[in-house]
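Undergrad: Sharing final-v7.csv here; it has CSV, C-alpha atoms.
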```csv
chain,number,residue,atom,x,y,z
M,20,MET,CA,-78.5,-170.0,94.5
M,21,SER,CA,-80.3,-172.0,97.1
M,22,ASN,CA,-82.7,-170.5,99.6
M,23,GLU,CA,-81.1,-168.3,102.2
M,24,LYS,CA,-82.6,-170.7,104.8
M,25,ASP,CA,-80.0,-173.2,103.7
M,26,TRP,CA,-77.2,-170.9,104.6
M,27,PRO,CA,-75.9,-171.2,108.2
M,28,LEU,CA,-75.9,-168.3,110.6
M,29,TRP,CA,-72.6,-166.7,111.6
M,30,GLU,CA,-71.8,-164.6,114.6
M,31,ILE,CA,-69.6,-161.6,113.8
M,32,PHE,CA,-66.9,-160.1,116.0
M,33,ILE,CA,-65.2,-156.8,115.1
M,34,ARG,CA,-62.0,-155.2,116.5
M,35,SER,CA,-62.6,-151.5,116.2
M,36,ARG,CA,-59.0,-150.3,116.9
M,37,ALA,CA,-55.6,-151.9,117.6
M,38,GLY,CA,-55.3,-152.9,121.2
M,39,LEU,CA,-59.1,-153.4,121.7
M,40,ASN,CA,-60.9,-156.7,121.9
M,41,HIS,CA,-63.0,-158.1,119.2
M,42,LYS,CA,-66.6,-157.4,120.1
M,43,HIS,CA,-69.7,-159.2,119.1
M,44,VAL,CA,-71.7,-156.9,116.7
M,45,GLY,CA,-74.4,-159.2,115.3
M,46,SER,CA,-75.0,-162.1,113.0
M,47,LEU,CA,-75.6,-162.8,109.4
M,48,HIS,CA,-76.1,-165.6,106.9
M,49,ALA,CA,-73.4,-167.0,104.6
M,50,ALA,CA,-72.6,-170.2,102.8
M,51,ASP,CA,-69.1,-170.5,104.2
M,52,ALA,CA,-66.5,-168.7,106.4
M,53,GLU,CA,-65.0,-166.7,103.5
M,54,MET,CA,-68.3,-165.4,102.5
M,55,ALA,CA,-69.2,-164.6,106.1
M,56,ILE,CA,-66.1,-162.4,106.4
M,57,GLU,CA,-67.0,-160.6,103.1
M,58,ASN,CA,-70.6,-160.2,104.1
M,59,ALA,CA,-69.5,-158.9,107.5
M,60,ARG,CA,-67.2,-156.4,105.8
M,61,ASP,CA,-70.1,-155.1,103.8
M,62,VAL,CA,-72.7,-155.2,106.5
M,63,TYR,CA,-70.8,-154.1,109.6
M,64,THR,CA,-67.7,-152.1,108.5
M,65,ARG,CA,-69.3,-149.6,106.1
M,66,ARG,CA,-68.6,-146.6,108.4
M,67,ASN,CA,-65.0,-147.4,109.5
M,68,GLU,CA,-66.1,-149.5,112.4
M,69,GLY,CA,-63.3,-152.0,112.2
M,70,ILE,CA,-59.8,-153.2,111.4
M,71,SER,CA,-60.3,-156.9,111.9
M,72,ILE,CA,-63.1,-159.4,111.6
M,73,TRP,CA,-63.7,-162.8,113.3
M,74,VAL,CA,-66.6,-165.0,112.2
M,75,VAL,CA,-67.9,-168.1,114.1
M,76,GLU,CA,-70.7,-170.3,112.9
M,77,SER,CA,-73.4,-169.8,115.5
M,78,LYS,CA,-74.0,-173.5,116.2
M,79,TYR,CA,-70.5,-173.7,117.7
M,80,ILE,CA,-71.3,-171.1,120.4
M,81,LYS,CA,-72.4,-172.8,123.6
M,82,ALA,CA,-74.3,-170.3,125.8
M,83,SER,CA,-75.0,-170.4,129.5
M,84,ASN,CA,-78.6,-171.2,130.4
M,85,PRO,CA,-80.6,-168.1,131.6
M,86,ALA,CA,-82.4,-170.4,134.1
M,87,ASP,CA,-79.0,-171.1,135.8
M,88,GLU,CA,-78.5,-167.3,136.5
M,89,GLU,CA,-79.1,-167.7,140.3
M,90,SER,CA,-76.5,-170.4,140.8
M,91,LEU,CA,-74.0,-169.0,138.3
M,92,PHE,CA,-73.9,-165.3,139.0
M,93,GLU,CA,-75.7,-164.4,142.1
M,94,PRO,CA,-73.2,-165.9,144.6
M,95,ALA,CA,-70.6,-163.3,143.4
M,96,SER,CA,-72.8,-160.4,144.3
M,97,ASP,CA,-72.1,-160.4,148.1
M,98,LYS,CA,-68.4,-161.0,147.8
M,99,ILE,CA,-67.3,-157.4,147.6
M,100,TYR,CA,-63.8,-158.4,148.8
M,101,ARG,CA,-63.1,-159.8,145.4
M,102,HIS,CA,-63.0,-156.2,144.1
M,103,PRO,CA,-59.6,-154.7,144.6
M,104,THR,CA,-61.0,-151.7,146.5
M,105,PHE,CA,-59.6,-152.5,149.9
M,106,TYR,CA,-55.9,-151.9,149.2
M,107,ASP,CA,-54.1,-148.7,150.0
M,108,LEU,CA,-52.1,-147.8,146.9
M,109,PRO,CA,-48.8,-146.1,147.2
M,110,ASP,CA,-48.9,-142.5,145.9
M,111,GLU,CA,-46.3,-143.1,143.3
M,112,LEU,CA,-48.6,-145.7,141.6
M,113,LYS,CA,-50.5,-143.9,138.9
M,114,HIS,CA,-53.4,-144.7,136.5
M,115,MET,CA,-55.1,-147.4,138.7
J,9,MET,CA,-81.5,-131.4,71.6
J,10,LYS,CA,-77.7,-131.4,71.4
J,11,SER,CA,-76.6,-134.2,69.1
J,12,TYR,CA,-73.2,-135.7,68.8
J,13,THR,CA,-70.6,-133.6,70.5
J,14,LYS,CA,-66.9,-133.8,69.9
J,15,TYR,CA,-64.8,-133.1,72.9
J,16,ASP,CA,-61.0,-132.6,73.1
J,17,PRO,CA,-59.2,-135.9,73.2
J,18,LEU,CA,-58.4,-135.6,77.0
J,19,VAL,CA,-62.0,-134.9,77.8
J,20,GLU,CA,-63.2,-137.7,75.5
J,21,TYR,CA,-60.8,-140.0,77.4
J,22,VAL,CA,-61.8,-138.9,80.9
J,23,LEU,CA,-65.5,-139.2,80.0
J,24,ARG,CA,-65.1,-142.8,79.1
J,25,SER,CA,-64.1,-143.7,82.6
J,26,ALA,CA,-66.5,-141.3,84.1
J,27,ASP,CA,-69.4,-142.8,82.2
J,28,ASN,CA,-68.4,-146.4,82.6
J,29,THR,CA,-68.5,-145.9,86.4
J,30,LEU,CA,-71.6,-143.7,86.3
J,31,ILE,CA,-73.7,-146.0,84.2
J,32,LEU,CA,-72.6,-149.3,85.9
J,33,GLY,CA,-72.9,-147.6,89.3
J,34,HIS,CA,-76.5,-146.6,88.4
J,35,ARG,CA,-77.3,-150.0,87.1
J,36,LEU,CA,-76.1,-151.6,90.4
J,37,SER,CA,-78.0,-149.0,92.4
J,38,GLU,CA,-81.2,-150.2,90.9
J,39,LEU,CA,-80.8,-153.4,93.0
J,40,CYS,CA,-80.8,-151.5,96.2
J,41,GLY,CA,-83.5,-153.1,98.3
J,42,HIS,CA,-83.9,-155.9,95.6
J,43,GLY,CA,-80.8,-158.0,96.2
J,44,PRO,CA,-81.3,-161.8,96.5
J,45,VAL,CA,-80.4,-161.7,100.2
J,46,LEU,CA,-79.8,-158.8,102.6
J,47,GLU,CA,-76.0,-159.3,102.7
J,48,GLN,CA,-75.5,-159.2,98.9
J,49,ASP,CA,-78.0,-156.3,98.7
J,50,ILE,CA,-75.7,-154.2,100.9
J,51,ALA,CA,-72.5,-155.5,99.1
J,52,ILE,CA,-73.9,-154.5,95.7
J,53,THR,CA,-75.1,-151.1,97.0
J,54,ASN,CA,-71.6,-150.5,98.5
J,55,ILE,CA,-70.0,-151.3,95.1
J,56,SER,CA,-72.5,-149.0,93.4
J,57,LEU,CA,-71.6,-146.1,95.7
J,58,ASP,CA,-67.8,-146.8,95.1
J,59,LEU,CA,-68.4,-146.5,91.4
J,60,LEU,CA,-70.5,-143.3,91.7
J,61,GLY,CA,-67.7,-141.8,93.9
J,62,GLN,CA,-65.1,-142.6,91.2
J,63,SER,CA,-67.4,-141.2,88.5
J,64,ARG,CA,-67.7,-137.9,90.4
J,65,MET,CA,-63.9,-137.5,90.4
J,66,TYR,CA,-63.6,-138.1,86.7
J,67,LEU,CA,-66.6,-135.9,86.0
J,68,GLN,CA,-65.2,-133.0,88.1
J,69,TYR,CA,-61.9,-133.3,86.2
J,70,ALA,CA,-63.7,-133.4,82.8
J,71,ALA,CA,-65.8,-130.4,83.7
J,72,GLN,CA,-62.7,-128.5,84.8
J,73,GLN,CA,-61.1,-129.3,81.4
J,74,ILE,CA,-64.2,-128.2,79.4
J,75,GLY,CA,-64.7,-125.0,81.4
J,76,ASN,CA,-67.7,-123.0,80.1
J,77,ASN,CA,-69.7,-123.4,83.4
J,78,GLU,CA,-69.8,-127.2,82.9
J,79,THR,CA,-70.0,-129.1,86.3
J,80,GLU,CA,-70.1,-132.7,87.4
J,81,ASP,CA,-73.9,-132.3,87.7
J,82,THR,CA,-74.4,-130.8,84.2
J,83,LEU,CA,-72.3,-133.6,82.7
J,84,ALA,CA,-74.2,-136.3,84.6
J,85,PHE,CA,-77.7,-135.0,84.3
J,86,LEU,CA,-77.9,-132.8,81.2
J,87,ARG,CA,-76.0,-134.7,78.5
J,88,ASP,CA,-78.1,-136.8,76.1
J,89,GLY,CA,-77.4,-140.4,75.1
J,90,MET,CA,-75.0,-139.7,72.2
J,91,GLN,CA,-72.8,-137.6,74.4
J,92,PHE,CA,-72.2,-140.5,76.8
J,93,ARG,CA,-69.0,-142.5,76.3
J,94,ASN,CA,-69.6,-145.6,78.4
J,95,CYS,CA,-68.9,-149.0,76.9
J,96,GLN,CA,-72.1,-150.8,76.0
J,97,LEU,CA,-71.4,-153.6,78.6
J,98,THR,CA,-72.1,-151.2,81.5
J,99,GLU,CA,-75.6,-150.3,80.3
J,100,GLN,CA,-76.8,-153.9,79.9
J,101,PRO,CA,-79.8,-154.8,82.2
J,102,ASN,CA,-79.4,-156.5,85.6
J,103,GLY,CA,-81.3,-159.6,84.4
J,104,ASP,CA,-81.0,-162.4,87.0
J,105,PHE,CA,-78.2,-162.5,89.5
J,106,ALA,CA,-76.1,-164.4,87.1
J,107,HIS,CA,-76.2,-161.6,84.5
J,108,THR,CA,-75.5,-159.0,87.3
J,109,ILE,CA,-72.4,-161.0,88.4
J,110,ILE,CA,-71.1,-161.8,84.9
J,111,ARG,CA,-71.4,-158.1,83.8
J,112,SER,CA,-69.5,-157.0,86.9
J,113,PHE,CA,-66.9,-159.8,86.5
J,114,ILE,CA,-66.2,-158.8,82.9
J,115,PHE,CA,-66.0,-155.1,83.8
J,116,ASP,CA,-64.1,-155.5,87.1
J,117,SER,CA,-61.4,-157.8,85.5
J,118,TYR,CA,-60.8,-155.0,83.0
J,119,HIS,CA,-61.2,-152.1,85.5
J,120,PHE,CA,-58.5,-153.6,87.9
J,121,TYR,CA,-55.8,-153.6,85.3
J,122,PHE,CA,-57.0,-150.3,83.8
J,123,CYS,CA,-56.6,-148.5,87.2
J,124,GLN,CA,-53.4,-150.3,88.0
J,125,SER,CA,-51.9,-148.9,84.8
J,126,LEU,CA,-53.5,-145.5,85.0
J,127,LYS,CA,-51.8,-145.0,88.4
J,128,SER,CA,-48.6,-144.3,86.4
J,129,SER,CA,-50.3,-141.7,84.2
J,130,THR,CA,-48.2,-138.6,83.5
J,131,ASP,CA,-51.4,-136.7,84.2
J,132,SER,CA,-51.3,-136.3,88.0
J,133,SER,CA,-55.1,-135.9,88.4
J,134,LEU,CA,-55.8,-139.2,86.6
J,135,ALA,CA,-53.0,-140.9,88.5
J,136,GLU,CA,-54.5,-139.9,91.8
J,137,ILE,CA,-58.0,-140.9,90.8
J,138,ALA,CA,-56.7,-144.3,89.7
J,139,ALA,CA,-54.7,-144.8,92.9
J,140,LYS,CA,-57.8,-144.1,95.0
J,141,SER,CA,-60.0,-146.3,92.8
J,142,LEU,CA,-57.7,-149.3,92.8
J,143,LYS,CA,-58.3,-150.2,96.4
J,144,GLU,CA,-62.1,-150.3,95.8
J,145,VAL,CA,-61.8,-152.0,92.5
J,146,THR,CA,-59.6,-154.7,94.0
J,147,TYR,CA,-62.5,-155.6,96.3
J,148,HIS,CA,-65.0,-155.4,93.4
J,149,ARG,CA,-63.0,-157.8,91.4
J,150,LYS,CA,-62.7,-160.2,94.3
J,151,PHE,CA,-66.5,-160.0,94.9
J,152,SER,CA,-67.5,-160.7,91.3
J,153,SER,CA,-64.8,-163.3,90.8
J,154,GLU,CA,-65.8,-165.3,93.9
J,155,TRP,CA,-69.5,-165.2,93.0
J,156,THR,CA,-68.6,-166.3,89.4
J,157,ILE,CA,-66.8,-169.4,90.8
J,158,ARG,CA,-69.4,-170.1,93.4
J,159,LEU,CA,-72.3,-170.0,91.0
J,160,GLY,CA,-70.5,-171.5,88.0
J,161,ASP,CA,-69.3,-174.3,90.2
J,162,GLY,CA,-72.6,-174.5,92.1
J,163,THR,CA,-75.7,-176.5,91.2
J,164,ALA,CA,-76.7,-177.6,87.7
J,165,GLU,CA,-79.1,-174.7,87.5
J,166,SER,CA,-76.7,-172.0,88.7
J,167,ASN,CA,-74.1,-173.3,86.2
J,168,GLU,CA,-76.6,-173.2,83.4
J,169,ARG,CA,-77.7,-169.6,84.3
J,170,MET,CA,-74.1,-168.4,84.5
J,171,GLN,CA,-73.1,-169.9,81.2
J,172,LYS,CA,-76.2,-168.3,79.6
J,173,ALA,CA,-75.3,-164.9,81.1
J,174,LEU,CA,-71.7,-165.3,79.9
J,175,GLU,CA,-72.9,-166.0,76.4
J,176,ASN,CA,-75.3,-163.0,76.4
J,177,LEU,CA,-72.7,-160.6,77.8
J,178,TRP,CA,-69.4,-161.8,76.3
J,179,PRO,CA,-70.1,-160.0,73.0
J,180,TYR,CA,-69.8,-156.7,75.0
J,181,SER,CA,-66.5,-157.6,76.5
J,182,GLY,CA,-64.4,-156.7,73.4
J,183,GLU,CA,-65.1,-152.9,73.5
J,184,LEU,CA,-63.4,-152.4,76.8
J,185,THR,CA,-60.0,-153.2,75.4
J,186,GLU,CA,-60.6,-152.2,71.8
J,187,GLU,CA,-58.2,-149.3,71.1
J,188,ASP,CA,-59.4,-146.4,69.0
J,189,ALA,CA,-57.6,-143.2,67.9
J,190,VAL,CA,-58.3,-141.4,71.3
J,191,ASP,CA,-57.0,-144.4,73.3
J,192,ALA,CA,-53.9,-144.6,71.1
J,193,LYS,CA,-53.1,-140.9,71.3
J,194,MET,CA,-53.6,-140.8,75.1
J,195,ALA,CA,-51.4,-143.9,75.6
J,196,ALA,CA,-48.7,-142.5,73.3
J,197,GLU,CA,-48.6,-139.3,75.4
J,198,GLY,CA,-48.3,-141.3,78.6
J,199,ILE,CA,-51.6,-140.0,79.9
J,200,GLY,CA,-53.7,-143.0,79.1
J,201,VAL,CA,-53.6,-146.8,79.5
J,202,ASP,CA,-52.1,-148.8,76.7
J,203,LEU,CA,-55.0,-151.2,76.1
J,204,LYS,CA,-52.9,-153.7,74.1
J,205,ASP,CA,-50.5,-153.9,77.1
J,206,ILE,CA,-53.1,-154.9,79.7
J,207,SER,CA,-55.2,-157.2,77.4
J,208,GLY,CA,-53.0,-160.2,78.1
J,209,SER,CA,-53.3,-159.9,81.9
J,210,ILE,CA,-57.1,-159.4,81.6
J,211,ASN,CA,-57.5,-162.5,79.4
J,212,ASP,CA,-55.3,-164.6,81.7
J,213,TYR,CA,-57.2,-163.5,84.8
J,214,ARG,CA,-60.6,-164.1,83.2
J,215,ASN,CA,-59.6,-167.5,81.8
J,216,ASN,CA,-58.3,-168.6,85.2
J,217,ILE,CA,-61.5,-167.6,87.0
J,218,LEU,CA,-63.9,-169.0,84.3
J,219,GLU,CA,-62.0,-172.3,84.3
J,220,ARG,CA,-62.3,-172.6,88.1
J,221,ALA,CA,-66.0,-171.8,87.7
J,222,GLY,CA,-66.5,-174.5,85.1
J,223,LEU,CA,-67.7,-172.0,82.5
J,224,LYS,CA,-66.8,-172.1,78.8
J,225,VAL,CA,-65.6,-168.9,77.1
J,226,PRO,CA,-67.8,-168.4,74.1
J,227,GLU,CA,-65.9,-168.7,70.8
J,228,LYS,CA,-66.1,-166.8,67.5
J,229,VAL,CA,-68.3,-164.2,69.0
J,230,PHE,CA,-69.2,-161.0,67.1
J,231,MET,CA,-68.1,-158.1,69.4
J,232,HIS,CA,-70.4,-155.1,69.7
J,233,SER,CA,-68.8,-151.7,70.0
J,234,GLY,CA,-69.6,-148.0,69.6
J,235,GLY,CA,-70.2,-146.9,73.2
J,236,LYS,CA,-67.0,-145.0,73.3
J,237,LYS,CA,-68.2,-143.0,70.3
J,238,GLY,CA,-71.6,-142.3,71.8
J,239,LEU,CA,-73.5,-145.2,70.1
J,240,HIS,CA,-75.6,-147.1,72.6
J,241,THR,CA,-77.9,-150.0,72.9
J,242,GLU,CA,-81.7,-149.7,73.4
J,243,HIS,CA,-81.2,-149.9,77.2
J,244,HIS,CA,-79.2,-146.7,77.6
J,245,GLY,CA,-82.1,-144.3,77.1
J,246,TYR,CA,-84.1,-145.9,79.9
J,247,ILE,CA,-81.2,-145.4,82.3
J,248,LEU,CA,-81.0,-141.7,81.5
J,249,ALA,CA,-84.8,-141.3,81.7
J,250,GLU,CA,-84.7,-142.5,85.3
J,251,MET,CA,-81.3,-140.9,86.3
J,252,GLN,CA,-82.0,-137.5,84.8
J,253,PHE,CA,-85.7,-137.2,85.5
J,254,MET,CA,-85.5,-134.7,88.4
J,255,GLN,CA,-83.1,-132.3,86.7
J,256,ARG,CA,-85.1,-132.5,83.4
J,257,ALA,CA,-88.5,-131.9,85.2
J,258,TYR,CA,-87.2,-129.3,87.7
J,259,PRO,CA,-84.1,-127.7,86.2
J,260,GLY,CA,-81.6,-126.5,88.7
J,261,LEU,CA,-83.3,-128.3,91.6
J,262,ASN,CA,-81.1,-128.6,94.7
J,263,TRP,CA,-81.1,-130.9,97.7
```
In structure tokens, write the structure found in this file.
TA:
Amino acid sequence: MSNEKDWPLWEIFIRSRAGLNHKHVGSLHAADAEMAIENARDVYTRRNEGISIWVVESKYIKASNPADEESLFEPASDKIYRHPTFYDLPDELKHM
Amino acid sequence: MKSYTKYDPLVEYVLRSADNTLILGHRLSELCGHGPVLEQDIAITNISLDLLGQSRMYLQYAAQQIGNNETEDTLAFLRDGMQFRNCQLTEQPNGDFAHTIIRSFIFDSYHFYFCQSLKSSTDSSLAEIAAKSLKEVTYHRKFSSEWTIRLGDGTAESNERMQKALENLWPYSGELTEEDAVDAKMAAEGIGVDLKDISGSINDYRNNILERAGLKVPEKVFMHSGGKKGLHTEHHGYILAEMQFMQRAYPGLNW
């Protein structure tokens, strides 16, 4: 086996229950996608944490730049009208 | 020291599976914290725990059949070497990762068809243990088969190491499917697995994986046996020394 450093890094997403989203749980090394799924099964679902696994090679994830935080996210903070809190809901509408 | 003990055929039979899973489970547990990479370290530890869990079910059933205050713990920790019924393959040392994988591959390919057949046992306890084990064993077989292919078909060095491991361990493969009087009696009564029946499937499965791995099945090999009768290789005593130390040094010690 080659050095672990030769194995690419994979990001692991687990769906914990039917109906819920896959959630990022961490990352691990594996030689290919199939091995990444098996490694994820062994590392992240030992205690019944999941019913489905997604793996994505880390290099394919494009992340936002933390330095852009001001321009990307702050403009939303003073636009409270975007939250649906100003509507009067009819009484017969439940579970909102 | 208790020497060779003869049990009833059913107990003899149950102890074989109990000890195969106990000894291989212990062997794999030795790698906890020493796996080649973190991910495989956890995978092998998971498999070890699966096997120990299976062993407990067999040992509990054997203890219940023996009676006489025997328990799963007395069977695991107070029997001596000649009372163990595991096949000699399972006690072979971990060696390099190639040896660990080939040993598991030879065992898992047998174990899968064994459990699949034992599921139909007329003995409901054994049928239930087999059904529960089969789900785990299906994954074990996938794990060791994929690593066999990956390393056999990997680099020149990994192929060479895998071929060497196969040559070293193949002589211990025969005993798993070698039928003796106890196996024949249990199979005839519908309790046990007909080893002649499953041998074909096991061979086909192994040949297919080994071919994909680019590994050559050793030919004209002398097959060791004796484990089922309590005859073991030099490695067995060292396993017991480590596994049984606490109960031998502090009899009756509890968690």
Undergrad: At a cut-off of 10 Å, using only C-alpha atoms, what residues contact Met65 (chain J)? Leave out same-chain residues fewer than 4 positions from it and give the result as a list in words.
TA: Val22, Ser25, Ala26, Leu60, Gly61, Tyr69, Ala70, Ala71, Glu80, Ser133, Leu134, Glu136, Ile137, Ala138 and Ser141 of chain J
Undergrad: Considering all atoms listed in the file, return as number ranges by chain whatever protein or nucleic-acid residues lie within 12 Å of Asn216 (chain J), sequence-local ones (same chain, fewer than 4 positions apart) excluded.
TA: J: 117, 153-154, 156-157, 209-212, 220-225
Undergrad: To one decimal place in Å, what is the distance between CA of Ala52 (chain M) and CA of Phe151 (chain J)?
TA: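 Calculated distance between CA of Ala52 (chain M) and CA of Phe151 (chain J) is 14.4 Å.
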Undergrad: Sort by chain and increasing residue number a table of all residues of chain J within 12 Å of chain M, each with its closest pair of atoms and their distance in Å to one decimal, counting all atoms listed in the file, and write it as CSV.
TA:
```
residue,atom,partner,partner_atom,distance
J:Gly43,CA,M:Glu23,CA,11.9
J:Pro44,CA,M:Glu23,CA,8.6
J:Val45,CA,M:Glu23,CA,6.9
J:Leu46,CA,M:His48,CA,8.9
J:Glu47,CA,M:Asn58,CA,5.7
J:Gln48,CA,M:Asn58,CA,7.2
J:Asp49,CA,M:Asp61,CA,9.5
J:Ile50,CA,M:Asp61,CA,6.4
J:Ala51,CA,M:Asp61,CA,5.3
J:Ile52,CA,M:Asp61,CA,9.0
J:Thr53,CA,M:Asp61,CA,9.3
J:Asn54,CA,M:Asp61,CA,7.2
J:Ile55,CA,M:Asp61,CA,9.5
J:Leu57,CA,M:Arg65,CA,11.2
J:Asp58,CA,M:Arg65,CA,11.4
J:Asp104,CA,M:Met20,CA,11.0
J:Phe105,CA,M:Met20,CA,9.0
J:Ala106,CA,M:Met20,CA,9.6
J:Tyr147,CA,M:Glu57,CA,9.6
J:His148,CA,M:Glu57,CA,11.2
J:Lys150,CA,M:Glu57,CA,9.8
J:Phe151,CA,M:Glu57,CA,8.2
J:Ser152,CA,M:Glu57,CA,11.8
J:Glu154,CA,M:Met54,CA,9.0
J:Trp155,CA,M:Met54,CA,9.6
J:Thr156,CA,M:Met20,CA,11.7
J:Arg158,CA,M:Met20,CA,9.2
J:Leu159,CA,M:Met20,CA,7.1
J:Gly160,CA,M:Met20,CA,10.4
J:Asp161,CA,M:Met20,CA,11.0
J:Gly162,CA,M:Met20,CA,7.8
J:Thr163,CA,M:Met20,CA,7.8
J:Ala164,CA,M:Met20,CA,10.4
J:Glu165,CA,M:Met20,CA,8.5
J:Ser166,CA,M:Met20,CA,6.4
J:Asn167,CA,M:Met20,CA,10.0
J:Glu168,CA,M:Met20,CA,11.7
J:Arg169,CA,M:Met20,CA,10.2
J:Met170,CA,M:Met20,CA,11.0
```
Undergrad: Find the distance between CA of Glu38 (chain J) and CA of Ser112 (chain J) and write it in Å to one decimal.
TA: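 These atoms are spaced 14.1 Å apart.
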Undergrad: Mind checking which residues fall within 8 Å of Glu175 (chain J), counting only C-alpha atoms, ignoring those fewer than 4 positions away in the same chain, and posting them as a ChimeraX atom specification?
TA: /J:171,179,225-226
Undergrad: Can you work out the spacing between CA of Ile109 (chain J) and CA of Thr146 (chain J) in Å, to one decimal?
TA: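 Computing it gives 15.3 Å between the two atoms.
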Undergrad: Quick one: residues within 10 Å of (-67.3, -154.2, 84.8) (file frame), counting all atoms listed in the file, please, as a count of residues only.
TA: 26
Undergrad: As a VMD selection string, please: the residues near Glu76 (chain M) (cut-off 8 Å, all atoms listed in the file, same-chain neighbours under 3 positions excluded).
TA: chain M and resid 27 to 30 52 79 to 80
Undergrad: May I have the protein, DNA and RNA residues with any atom at most 12 Å from the point (-66.9, -147.5, 65.3), counting only C-alpha atoms, written as a ChimeraX atom specification?
TA: /J:95,183,186-189,231-240
Undergrad: Residues near Ala195 (chain J), anyone? I mean within 12 Å using only C-alpha atoms, not counting same-chain ones fewer than 3 positions away, as a PyMOL selection string.
TA: chain J and resi 17-18+21+122+125-126+128-131+187-192+198-206
